[in-house]
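A.B. asks: Sharing query-v7.cif (mmCIF, C-alpha atoms) below.
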```cif
data_my_file
loop_
_atom_site.label_atom_id
_atom_site.label_comp_id
_atom_site.auth_asym_id
_atom_site.auth_seq_id
_atom_site.Cartn_x
_atom_site.Cartn_y
_atom_site.Cartn_z
CA MET A 443 13.57 69.28 56.66
CA THR A 444 11.76 68.09 53.54
CA ALA A 445 13.26 70.82 51.39
CA ALA A 446 16.75 69.99 52.64
CA ARG A 447 16.19 66.30 51.88
CA ASP A 448 14.99 67.13 48.36
CA ALA A 449 18.13 69.20 47.79
CA ARG A 450 20.38 66.42 49.11
CA ILE A 451 18.77 63.91 46.75
CA ALA A 452 19.33 66.30 43.85
CA ALA A 453 22.96 66.87 44.82
CA VAL A 454 23.79 63.19 45.29
CA ALA A 455 21.98 62.14 42.12
CA GLY A 456 23.67 64.91 40.13
CA GLY A 457 27.08 63.88 41.42
CA LEU A 458 26.48 60.23 40.49
CA LEU A 459 25.35 61.25 37.01
CA VAL A 460 28.50 63.31 36.50
CA LEU A 461 30.58 60.28 37.51
CA TRP A 462 28.59 58.10 35.11
CA ASP A 463 29.20 60.56 32.27
CA ALA A 464 32.92 60.62 33.07
CA SER A 465 33.12 56.82 33.13
CA GLY A 466 32.32 56.33 29.44
CA TRP A 467 29.82 53.58 30.30
CA ASP A 468 27.10 55.23 28.21
CA LEU A 469 28.59 53.98 24.96
CA ALA A 470 29.65 50.66 26.49
CA VAL A 471 26.06 49.87 27.53
CA VAL A 472 24.64 50.89 24.15
CA ARG A 473 27.03 48.44 22.46
CA TRP A 474 25.23 45.58 24.18
CA PHE A 475 22.21 46.21 21.95
CA GLY A 476 23.66 47.46 18.66
CA ASP A 477 26.22 46.53 16.03
CA ALA A 478 27.23 47.60 12.52
CA GLN A 479 23.78 46.57 11.25
CA GLY A 480 22.03 48.83 13.75
CA PHE A 481 19.69 47.96 16.61
CA ALA A 482 17.51 44.87 16.42
CA TRP A 483 14.91 46.36 18.78
CA ARG A 484 14.64 49.69 16.97
CA ASP A 485 11.31 48.98 15.26
CA ALA A 486 10.04 46.12 17.43
CA TRP A 487 6.39 46.37 18.46
CA PHE A 488 7.15 46.12 22.17
CA THR A 489 9.75 48.90 22.26
CA SER A 490 8.65 51.15 19.39
CA GLY A 491 4.91 50.53 19.41
CA LEU A 492 3.99 49.84 23.03
CA LEU A 493 6.61 51.63 25.13
CA HIS A 494 7.37 54.51 22.76
CA GLU A 495 4.14 55.38 20.96
CA GLY A 496 1.99 53.89 23.71
CA GLY A 497 3.94 55.85 26.31
CA ARG A 498 3.08 59.09 24.56
CA VAL A 499 -0.61 58.21 24.56
CA LEU A 500 -0.42 57.32 28.26
CA ALA A 501 1.22 60.66 29.04
CA TRP A 502 -1.59 62.55 27.31
CA LEU A 503 -4.19 60.54 29.22
CA VAL A 504 -2.49 61.23 32.56
CA LEU A 505 -2.20 64.91 31.70
CA ALA A 506 -5.92 65.05 30.86
CA LEU A 507 -6.75 63.32 34.15
CA LEU A 508 -4.63 65.80 36.10
CA ALA A 509 -6.31 68.70 34.32
CA LEU A 510 -9.71 67.28 35.28
CA ASP A 511 -8.56 66.76 38.87
CA ALA A 512 -7.36 70.37 39.02
CA GLN A 513 -10.92 71.47 38.24
CA ARG A 514 -12.97 68.88 40.13
CA ALA A 515 -10.65 67.70 42.97
CA LEU A 516 -11.41 64.03 42.29
CA ILE A 517 -9.63 62.84 45.46
CA ALA A 518 -9.81 64.67 48.77
CA GLY A 519 -6.59 66.39 49.71
CA PRO A 520 -4.81 69.49 48.44
CA SER A 521 -6.73 72.56 47.36
CA ARG A 522 -7.62 73.12 43.73
CA SER A 523 -5.16 75.98 43.53
CA GLU A 524 -2.35 73.66 44.67
CA ARG A 525 -3.39 71.07 42.10
CA ARG A 526 -3.39 73.67 39.36
CA HIS A 527 -0.01 74.95 40.51
CA TRP A 528 1.69 71.53 40.31
CA LEU A 529 -0.08 70.78 37.04
CA LEU A 530 1.67 73.83 35.63
CA VAL A 531 4.98 72.49 36.93
CA SER A 532 4.31 69.22 35.07
CA LEU A 533 3.61 71.20 31.92
CA ALA A 534 6.85 73.10 32.43
CA CYS A 535 8.77 69.80 32.66
CA LEU A 536 7.05 68.48 29.54
CA VAL A 537 8.06 71.64 27.66
CA LEU A 538 11.55 72.24 29.08
CA ILE A 539 13.23 68.94 28.19
CA PRO A 540 12.14 68.85 24.52
CA ALA A 541 13.16 72.51 24.28
CA LEU A 542 16.65 71.69 25.57
CA LYS A 543 16.89 68.90 23.00
CA ARG A 544 16.36 71.38 20.20
CA PHE A 545 19.61 73.15 21.15
CA SER A 546 21.67 69.97 21.63
CA HIS A 547 24.34 68.95 19.12
CA THR A 548 24.42 65.41 20.51
CA SER A 549 23.20 62.74 18.10
CA CYS A 550 21.43 59.52 19.09
CA PRO A 551 23.32 56.21 19.31
CA TRP A 552 21.72 54.91 16.11
CA ASP A 553 23.33 57.86 14.29
CA LEU A 554 26.87 56.73 15.17
CA VAL A 555 29.16 55.34 12.47
CA GLU A 556 29.71 52.10 14.36
CA PHE A 557 25.96 51.44 14.28
CA GLY A 558 25.51 52.25 10.60
CA GLY A 559 25.11 56.02 10.89
CA VAL A 560 27.35 59.00 10.13
CA ALA A 561 28.15 60.57 13.51
CA ALA A 562 31.17 60.25 15.78
CA HIS A 563 30.70 59.78 19.50
CA VAL A 564 31.06 63.13 21.28
CA PRO A 565 30.17 63.49 25.00
CA HIS A 566 27.08 65.63 25.41
CA TRP A 567 28.89 68.04 27.74
CA TRP A 568 31.24 69.15 24.96
CA ILE A 569 29.05 72.15 24.37
CA GLY A 570 29.24 73.51 20.83
CA VAL A 571 31.17 70.50 19.46
CA ARG A 572 29.30 68.81 16.62
CA ASP A 573 29.56 65.08 16.04
CA GLY A 574 28.68 65.11 12.33
CA GLY A 575 25.16 63.78 12.89
CA PRO A 576 21.71 65.36 13.13
CA GLY A 577 21.96 66.11 16.86
CA HIS A 578 18.90 67.04 18.97
CA CYS A 579 19.09 63.94 21.17
CA PHE A 580 20.03 65.13 24.68
CA PRO A 581 18.34 64.89 27.13
CA SER A 582 15.64 62.28 26.54
CA GLY A 583 12.29 63.75 25.62
CA HIS A 584 10.47 60.42 25.80
CA ALA A 585 11.54 59.78 29.41
CA VAL A 586 9.73 62.99 30.34
CA ALA A 587 6.46 61.28 29.34
CA ALA A 588 6.91 59.70 32.79
CA PHE A 589 9.30 61.89 34.78
CA GLY A 590 7.33 65.00 33.83
CA PHE A 591 4.72 63.84 36.34
CA LEU A 592 7.08 63.91 39.34
CA PRO A 593 5.25 67.06 40.53
CA GLY A 594 2.37 64.79 41.54
CA TYR A 595 4.55 63.42 44.32
CA PHE A 596 5.24 66.91 45.64
CA LEU A 597 1.54 67.74 45.44
CA TRP A 598 0.34 64.79 47.50
CA ARG A 599 3.14 64.07 49.95
CA GLU A 600 1.79 66.24 52.77
CA ALA A 601 -1.94 65.52 52.48
CA ARG A 602 -1.76 61.88 51.32
CA PRO A 603 1.77 60.50 51.86
CA ARG A 604 0.90 56.91 50.92
CA LEU A 605 -0.65 58.05 47.66
CA ALA A 606 2.39 60.25 47.04
CA ARG A 607 4.79 57.34 47.50
CA ALA A 608 2.71 55.15 45.20
CA TRP A 609 2.67 57.95 42.61
CA LEU A 610 6.45 58.36 42.87
CA ALA A 611 7.00 54.62 42.46
CA GLY A 612 4.73 54.53 39.40
CA VAL A 613 6.45 57.51 37.78
CA CYS A 614 9.92 56.05 38.37
CA LEU A 615 8.90 52.62 37.07
CA ALA A 616 7.35 54.09 33.92
CA GLY A 617 10.38 56.34 33.41
CA LEU A 618 12.77 53.40 33.69
CA LEU A 619 10.69 51.37 31.24
CA PHE A 620 10.54 54.24 28.74
CA GLY A 621 14.26 54.87 29.14
CA ALA A 622 15.09 51.18 28.72
CA ALA A 623 12.99 51.00 25.56
CA GLN A 624 14.84 53.95 24.06
CA LEU A 625 18.16 52.44 25.10
CA VAL A 626 17.64 49.08 23.38
CA ARG A 627 16.21 50.86 20.31
CA GLY A 628 19.39 52.94 20.02
CA ALA A 629 17.44 56.16 20.48
CA HIS A 630 19.19 57.30 23.68
CA TYR A 631 22.07 56.60 26.00
CA PRO A 632 21.21 55.65 29.62
CA SER A 633 22.33 59.08 30.86
CA HIS A 634 19.89 60.88 28.56
CA SER A 635 16.92 59.48 30.45
CA LEU A 636 18.55 59.89 33.85
CA TRP A 637 19.39 63.54 33.22
CA SER A 638 15.77 64.13 32.20
CA ALA A 639 14.65 62.67 35.52
CA TRP A 640 17.18 64.80 37.40
CA LEU A 641 16.09 68.01 35.68
CA CYS A 642 12.45 67.33 36.53
CA TRP A 643 13.35 66.60 40.16
CA VAL A 644 15.43 69.78 40.44
CA MET A 645 12.60 71.84 39.00
CA CYS A 646 10.16 70.36 41.51
CA THR A 647 12.61 70.89 44.36
CA ALA A 648 13.10 74.54 43.44
CA VAL A 649 9.36 75.15 43.18
CA ALA A 650 8.66 73.37 46.48
CA ARG A 651 11.38 75.41 48.18
CA GLY A 652 9.95 78.62 46.80
CA ARG A 653 6.45 77.74 48.00
CA LEU A 654 7.75 76.87 51.46
CA THR A 655 9.60 80.16 51.67
CA ALA A 656 6.49 82.05 50.60
CA ARG A 657 4.31 80.25 53.17
CA THR A 658 6.65 80.89 56.08
CA ALA A 659 7.53 84.47 55.22
CA PRO A 660 6.36 87.13 57.70
CA GLY A 661 2.98 88.42 56.72
CA SER A 662 1.99 85.26 54.80
CA ALA A 663 -1.14 83.30 55.64
CA THR A 664 0.84 80.65 57.54
CA GLY A 665 3.84 82.65 58.61
CA SER A 666 4.30 85.16 61.36
CA PRO A 667 2.01 88.14 61.15
CA ALA A 668 3.47 91.28 59.72
CA PRO A 669 4.35 93.80 62.42
CA ARG A 670 1.74 96.49 62.88
CA ARG A 671 2.67 100.10 62.87
CA SER A 672 1.86 101.72 66.17
CA ALA A 673 -0.76 104.42 66.03
CA PRO A 674 0.57 107.94 66.51
CA ALA A 675 0.21 109.24 70.05
CA ALA A 676 -2.69 111.60 70.62
CA PRO A 677 -1.61 115.21 71.14
CA THR A 678 -1.63 116.36 74.76
CA PRO A 679 -4.04 119.20 75.53
#
```
Any chance you could put this one into structure tokens?

C.D. replies:
Amino acid sequence: MTAARDARIAAVAGGLLVLWDASGWDLAVVRWFGDAQGFAWRDAWFTSGLLHEGGRVLAWLVLALLALDAQRALIAGPSRSERRHWLLVSLACLVLIPALKRFSHTSCPWDLVEFGGVAAHVPHWWIGVRDGGPGHCFPSGHAVAAFGFLPGYFLWREARPRLARAWLAGVCLAGLLFGAAQLVRGAHYPSHSLWSAWLCWVMCTAVARGRLTARTAPGSATGSPAPRRSAPAAPTP
């Protein structure tokens, strides 16, 4: 049931994101915060210093805390092996999104001509089409400083559901704040942060599904026992 719900959330969220991309609202929203002179909040202390640079520091601190928890089990609940497993999933999220950015031809909003840059606006799904700018802006790497910790929800939701829900709320709130900061700075479109969140959720969903399948497979520790081979009949005298 849980795995099916996770998949439904991924499917619905993915569909809504596709509709958002098709709507053209990405650029319309960015225009609220920028003009021909650029973005007023680009170098502001609150957005650039606190939410951008500070967000990176916070992500490293959380990652260090999770690594310590994987060794010491600071809060009663899942086994250390489970904690280490989901820590690795977080690391995979934190590596995957920046890696995808490196192959993206999409430039950031502040690189567009209408905001004082050199690039034309090209939808990020026009694979292989260059916009004349530096690229490497899709999806949002900074949003993963929050959404990369979605695996914590999957780790705790069976053993400590209230803690899991609080963790999920905190991750989503931080992700929205980081995404909003990058939006008003002109560093990303809204969809860039949302697609980062979706990719992290899909990765967690796939891993959780795989673990559930492994646990319930015949012969596993929690599944049905593997059928025993019957001993050969003794020869009759």

A.B. asks: Identify all residues satisfying the PyMOL selection byres ((chain A and resi 645) around 12) in the given file; provide them as an NGL selection string.

C.D. replies: :A and (448-449 or 452 or 528 or 530-536 or 538-539 or 589-593 or 596 or 638-644 or 646-652)

A.B. asks: Between CA of Trp552 (chain A) and CA of Phe475 (chain A), what is the distance, to one decimal in Å?

C.D. replies: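 That distance, rounded to one decimal, is 10.5 Å.
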
A.B. asks: Skip Phe481 (chain A) itself and residues of its chain fewer than 6 positions away, then list as a VMD selection string all residues within 10 Å of it, counting all atoms listed in the file.

C.D. replies: chain A and resid 472 to 475 551 to 552 557 to 558 625 to 629

A.B. asks: Mind writing the picked residues with C-alpha atoms as a PDB file, in the frame of the given file?

C.D. replies:
```
ATOM      1  CA  VAL A 472      24.640  50.890  24.150  1.00  0.00           C
ATOM      2  CA  ARG A 473      27.030  48.440  22.460  1.00  0.00           C
ATOM      3  CA  TRP A 474      25.230  45.580  24.180  1.00  0.00           C
ATOM      4  CA  PHE A 475      22.210  46.210  21.950  1.00  0.00           C
ATOM      5  CA  PRO A 551      23.320  56.210  19.310  1.00  0.00           C
ATOM      6  CA  TRP A 552      21.720  54.910  16.110  1.00  0.00           C
ATOM      7  CA  PHE A 557      25.960  51.440  14.280  1.00  0.00           C
ATOM      8  CA  GLY A 558      25.510  52.250  10.600  1.00  0.00           C
ATOM      9  CA  LEU A 625      18.160  52.440  25.100  1.00  0.00           C
ATOM     10  CA  VAL A 626      17.640  49.080  23.380  1.00  0.00           C
ATOM     11  CA  ARG A 627      16.210  50.860  20.310  1.00  0.00           C
ATOM     12  CA  GLY A 628      19.390  52.940  20.020  1.00  0.00           C
ATOM     13  CA  ALA A 629      17.440  56.160  20.480  1.00  0.00           C
TER      14      ALA A 629
END
```

A.B. asks: Just the number, please: distance in Å from CA of Thr548 (chain A) to CA of His566 (chain A), one decimal.

C.D. replies: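 These atoms are spaced 5.6 Å apart.
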
A.B. asks: Give me, as CSV, the closest atom pair and its distance (Å, one decimal) for every residue of region 552-595 of chain A within a cut-off of 8 Å of region 488-510 of chain A, counting only C-alpha atoms, rows sorted by chain and rising number.

C.D. replies:
```
residue,atom,partner,partner_atom,distance
A:His584,CA,A:His494,CA,7.3
A:Ala587,CA,A:Ala501,CA,5.3
A:Ala588,CA,A:Ala501,CA,6.9
```

A.B. asks: Determine the residue membership of the PyMOL selection byres ((chain A and resi 634) around 9) for the file above and supply it as number ranges by chain.

C.D. replies: A: 579-583, 585, 621, 630-633, 635-639

A.B. asks: Would you save the residues of that selection, restricted to C-alpha atoms, as a PDB file, keeping the file's coordinate frame?

C.D. replies:
```
ATOM      1  CA  CYS A 579      19.090  63.940  21.170  1.00  0.00           C
ATOM      2  CA  PHE A 580      20.030  65.130  24.680  1.00  0.00           C
ATOM      3  CA  PRO A 581      18.340  64.890  27.130  1.00  0.00           C
ATOM      4  CA  SER A 582      15.640  62.280  26.540  1.00  0.00           C
ATOM      5  CA  GLY A 583      12.290  63.750  25.620  1.00  0.00           C
ATOM      6  CA  ALA A 585      11.540  59.780  29.410  1.00  0.00           C
ATOM      7  CA  GLY A 621      14.260  54.870  29.140  1.00  0.00           C
ATOM      8  CA  HIS A 630      19.190  57.300  23.680  1.00  0.00           C
ATOM      9  CA  TYR A 631      22.070  56.600  26.000  1.00  0.00           C
ATOM     10  CA  PRO A 632      21.210  55.650  29.620  1.00  0.00           C
ATOM     11  CA  SER A 633      22.330  59.080  30.860  1.00  0.00           C
ATOM     12  CA  SER A 635      16.920  59.480  30.450  1.00  0.00           C
ATOM     13  CA  LEU A 636      18.550  59.890  33.850  1.00  0.00           C
ATOM     14  CA  TRP A 637      19.390  63.540  33.220  1.00  0.00           C
ATOM     15  CA  SER A 638      15.770  64.130  32.200  1.00  0.00           C
ATOM     16  CA  ALA A 639      14.650  62.670  35.520  1.00  0.00           C
TER      17      ALA A 639
END
```

A.B. asks: Env of His578 (chain A): 8 Å cut, atoms = all atoms listed in the file, seq-sep filter 3 positions within chain, self excluded. Answer as a PyMOL selection string.

C.D. replies: chain A and resi 543-550

A.B. asks: Between A:Arg607, A:Ala601, A:Leu516, A:Gly575, which one has atoms that come closest to Ala561 (chain A), using all atoms listed in the file?

C.D. replies: A:Gly575

A.B. asks: Between CA of Leu610 (chain A) and CA of Gly594 (chain A), measure the distance and give it in Å to one decimal.

C.D. replies: 7.7 Å

A.B. asks: Just want the 12 Å neighbourhood of Pro520 (chain A), counted on only C-alpha atoms, with same-chain residues fewer than 2 positions away dropped. Output as number ranges by chain.

C.D. replies: A: 511-512, 514-518, 522-528, 594-603, 606

A.B. asks: Counting all atoms listed in the file, which residue out of A:Leu542, A:Ala478, A:Ile569, A:Leu529 sits closest to Val555 (chain A)?

C.D. replies: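 Nearest to Val555 (chain A): A:Ala478.
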
A.B. asks: I need the residue nearest Ala482 (chain A) from this list: A:Ala623, A:Leu469, A:Leu618, A:Val454. Use all atoms listed in the file for the distance.

C.D. replies: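 Among the listed residues, the smallest separation from Ala482 (chain A) belongs to A:Ala623.
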